[in-house]
Amino acid sequence: MFSSIGLIGAGTMGSAVLQAAAKGAPEAALYCSNRTPAKAQALAQQLGGQAVDNAAVARTCSLIFLGVKPQMMAGVLADLAPILAQRTDRFVLASMAAGLDAQAIQTLAGGKYPVICLMPNTPVAVGAGVVQYYGVDTTQEELDAFQTLMAPAGLVDSIEPHLLPAASGVSGCGPAFCALFIEALADGGVACGLPRAKALAYAAQMVEGTAKLMMEKGLHPGQLKDGVCSPGGTTIQGVRVLEERGFRAAAMDAVIATFEKSQSLGK
Ligand SMILES: NC(=O)C1=CN([C@@H]2O[C@H](COP(=O)(O)OP(=O)(O)OC[C@H]3O[C@@H](n4cnc5c(N)ncnc54)[C@H](OP(=O)(O)O)[C@@H]3O)[C@@H](O)[C@H]2O)C=CC1
Ligand SMILES: O=C(O)[C@@H]1CCC=N1
């Protein structure tokens, strides 16, 4: 279906998405472009693709990932609109920009082109990510092909368009929140005498293992928490401190803040 796959904006997220797509469609020809060409060249070399300019991606590819920041999207698509308008073959634009919905991409690209909006996260780079997506003016065949293409990224889930900003707050932004938590746990360990490297390794493995346990055993987080808290034991004292300091409310508010920022980016 997607015989040639391109990426405009070979940064952190775009590169990870193209790496996953390369695994999902090993036969596809790969193209990438970037403002700083060295990044596109390195990615192309790694994936056996070609580093080109934005115009070549727009002219050539049947699936075009847009990996630039939301604030750059208008400028990038304004330059590409005349090229896209000249195409007579079918192509799909796939935007990962936070806060920009499919209609916004169509408006900026200057046509009612098929658009997929996806919200990946950084763990896509190790095949343990989350990608939510929806399509507008796409065919079911294109969405099915996209689902297959993205499978090496991790959990790939079709979602209703209005839910994408909320999903973005949980899993798109979530790695930053999780990293803060891991770092803070490690800091606590260091304060109690653990060497830094050990503290970080233990905290990261613990987070991965807890998520795995929850998913593989189908447990609710409350069950997991209760299973660790011995009556009169140590863990419940830590839970008490986290509750006193508003840990849950802070995590909820963090997601709500990202949601509100997504809404404002789209205006
Ligand atoms: N990081 C994340 O966790 C997530 C990011 N996203 C989305 O992904 C997108 C990219 O974010 P992220 O990867 O973090 O950002 P990066 O800054 O790492 O990547 C953006 C890339 O776009 C390139 N670029 C900028 N202007 C142009 C241009 N005119 N033509 C071609 N390339 C250009 C930059 O080039 P240069 O090397 O010159 O700076 C850079 O490599 C954003 O829209 C963001 O909302 C979505 C989900 C998660
Ligand atoms: O911070 C951002 O805007 C991007 C989108 C989701 C994660 N990072």
# chains A, B, ... in the order shown; residues from 1 in each chain; ligands from 1
call {"tool": "residues_near_ligand", "arguments": {"ligand": "ligand 2", "cutoff": "12 Å", "atoms": "only C-alpha atoms and all ligand atoms", "output": "ChimeraX atom specification"}}
result
/A:11-14,67-71,95-100,118-123,130-132,164-177,254-255,257-266
call {"tool": "select_by_dssp", "arguments": {"residues": "stretch 5-235 of chain A", "states": "alpha helix (DSSP H)", "output": "ChimeraX atom specification"}}
result
/A:12-24,37-47,54-60,70-86,102-109,140-150,164-167,174-191,196-217,221-228,235
call {"tool": "residues_around", "arguments": {"residues": "stretch 82-84 of chain A", "least_positions_apart": "6", "cutoff": "10 Å", "atoms": "only C-alpha atoms", "output": "tab-separated table (two decimals) with N, CA and C atoms, in the first residue's frame"}}
result
chain	number	residue	atom	x	y	z
A	55	ALA	N	10.92	19.11	-0.45
A	55	ALA	CA	10.15	19.08	-1.71
A	55	ALA	C	10.16	17.69	-2.32
A	56	ALA	N	11.31	17.02	-2.26
A	56	ALA	CA	11.40	15.67	-2.85
A	56	ALA	C	10.51	14.69	-2.10
A	57	VAL	N	10.47	14.81	-0.77
A	57	VAL	CA	9.56	13.94	0.00
A	57	VAL	C	8.12	14.20	-0.42
A	58	ALA	N	7.78	15.48	-0.53
A	58	ALA	CA	6.40	15.85	-0.87
A	58	ALA	C	6.02	15.39	-2.27
A	59	ARG	N	6.98	15.36	-3.18
A	59	ARG	CA	6.74	14.97	-4.57
A	59	ARG	C	6.62	13.47	-4.73
A	60	THR	N	7.33	12.72	-3.88
A	60	THR	CA	7.60	11.31	-4.16
A	60	THR	C	6.76	10.32	-3.35
A	91	PHE	N	-1.77	10.10	-1.99
A	91	PHE	CA	-0.77	10.09	-0.92
A	91	PHE	C	-1.48	10.45	0.38
A	109	ALA	N	-1.99	22.50	4.40
A	109	ALA	CA	-1.44	21.86	3.19
A	109	ALA	C	-2.16	22.32	1.93
A	110	GLY	N	-3.28	23.01	2.13
A	110	GLY	CA	-3.98	23.59	0.97
A	110	GLY	C	-4.85	22.62	0.20
A	111	GLY	N	-5.30	21.54	0.83
A	111	GLY	CA	-6.20	20.63	0.12
A	111	GLY	C	-6.79	19.59	1.06
A	113	TYR	N	-6.56	16.59	1.50
A	113	TYR	CA	-5.79	15.37	1.30
A	113	TYR	C	-6.10	14.38	2.43
call {"tool": "closest_residue", "arguments": {"among": "A:Leu63, A:Met214, A:Leu242, A:Arg248", "to": "A:Leu149", "atoms": "only C-alpha atoms"}}
result
A:Leu63
call {"tool": "select_by_dssp", "arguments": {"residues": "stretch 46-257 of chain A", "states": "strand (DSSP E or B)", "output": "PyMOL selection string"}}
result
chain A and resi 50-51+63-66+92-95+115-119+129-136+154-158
call {"tool": "residues_around", "arguments": {"residues": "A:Leu213", "least_positions_apart": "5", "cutoff": "12 Å", "atoms": "only C-alpha atoms", "output": "list in words"}}
result
Gln205, Met206, Val207, Glu208, Gly218, Leu219, His220, Pro221, Gln223, Leu224, Lys225 and Gly227 of chain A
call {"tool": "write_last_selection", "arguments": {"atoms": "N, CA and C atoms", "output": "PDB file, in the first residue's frame"}}
result
ATOM      1  N   GLN A 205      14.197  -0.253  36.301  1.00  0.00           N
ATOM      2  CA  GLN A 205      13.762  -1.656  36.182  1.00  0.00           C
ATOM      3  C   GLN A 205      12.470  -1.879  36.958  1.00  0.00           C
ATOM      4  N   MET A 206      12.352  -1.216  38.101  1.00  0.00           N
ATOM      5  CA  MET A 206      11.148  -1.342  38.921  1.00  0.00           C
ATOM      6  C   MET A 206       9.920  -0.816  38.167  1.00  0.00           C
ATOM      7  N   VAL A 207      10.076   0.322  37.480  1.00  0.00           N
ATOM      8  CA  VAL A 207       8.945   0.891  36.725  1.00  0.00           C
ATOM      9  C   VAL A 207       8.551  -0.050  35.584  1.00  0.00           C
ATOM     10  N   GLU A 208       9.552  -0.531  34.863  1.00  0.00           N
ATOM     11  CA  GLU A 208       9.249  -1.458  33.764  1.00  0.00           C
ATOM     12  C   GLU A 208       8.559  -2.713  34.307  1.00  0.00           C
ATOM     13  N   GLY A 218      -3.107  -8.606  34.386  1.00  0.00           N
ATOM     14  CA  GLY A 218      -4.402  -7.934  34.313  1.00  0.00           C
ATOM     15  C   GLY A 218      -4.824  -7.330  35.646  1.00  0.00           C
ATOM     16  N   LEU A 219      -3.865  -6.783  36.384  1.00  0.00           N
ATOM     17  CA  LEU A 219      -4.161  -6.235  37.714  1.00  0.00           C
ATOM     18  C   LEU A 219      -4.531  -4.759  37.638  1.00  0.00           C
ATOM     19  N   HIS A 220      -5.378  -4.316  38.554  1.00  0.00           N
ATOM     20  CA  HIS A 220      -5.650  -2.895  38.740  1.00  0.00           C
ATOM     21  C   HIS A 220      -4.483  -2.312  39.553  1.00  0.00           C
ATOM     22  N   PRO A 221      -4.118  -1.037  39.304  1.00  0.00           N
ATOM     23  CA  PRO A 221      -3.017  -0.455  40.091  1.00  0.00           C
ATOM     24  C   PRO A 221      -3.245  -0.538  41.600  1.00  0.00           C
ATOM     25  N   GLN A 223      -4.653  -2.937  43.234  1.00  0.00           N
ATOM     26  CA  GLN A 223      -4.269  -4.291  43.689  1.00  0.00           C
ATOM     27  C   GLN A 223      -2.755  -4.396  43.833  1.00  0.00           C
ATOM     28  N   LEU A 224      -2.058  -3.807  42.851  1.00  0.00           N
ATOM     29  CA  LEU A 224      -0.594  -3.837  42.908  1.00  0.00           C
ATOM     30  C   LEU A 224      -0.084  -3.115  44.144  1.00  0.00           C
ATOM     31  N   LYS A 225      -0.666  -1.959  44.401  1.00  0.00           N
ATOM     32  CA  LYS A 225      -0.247  -1.157  45.562  1.00  0.00           C
ATOM     33  C   LYS A 225      -0.511  -1.928  46.857  1.00  0.00           C
ATOM     34  N   GLY A 227      -0.724  -5.031  47.271  1.00  0.00           N
ATOM     35  CA  GLY A 227       0.143  -6.211  47.374  1.00  0.00           C
ATOM     36  C   GLY A 227       1.519  -5.889  47.913  1.00  0.00           C
TER      37      GLY A 227
END
call {"tool": "atom_distance", "arguments": {"atom1": "atom CA of A:Ile182", "atom2": "atom 36 (P, counted along the ligand's line) of ligand 1"}}
result
28.7 Å
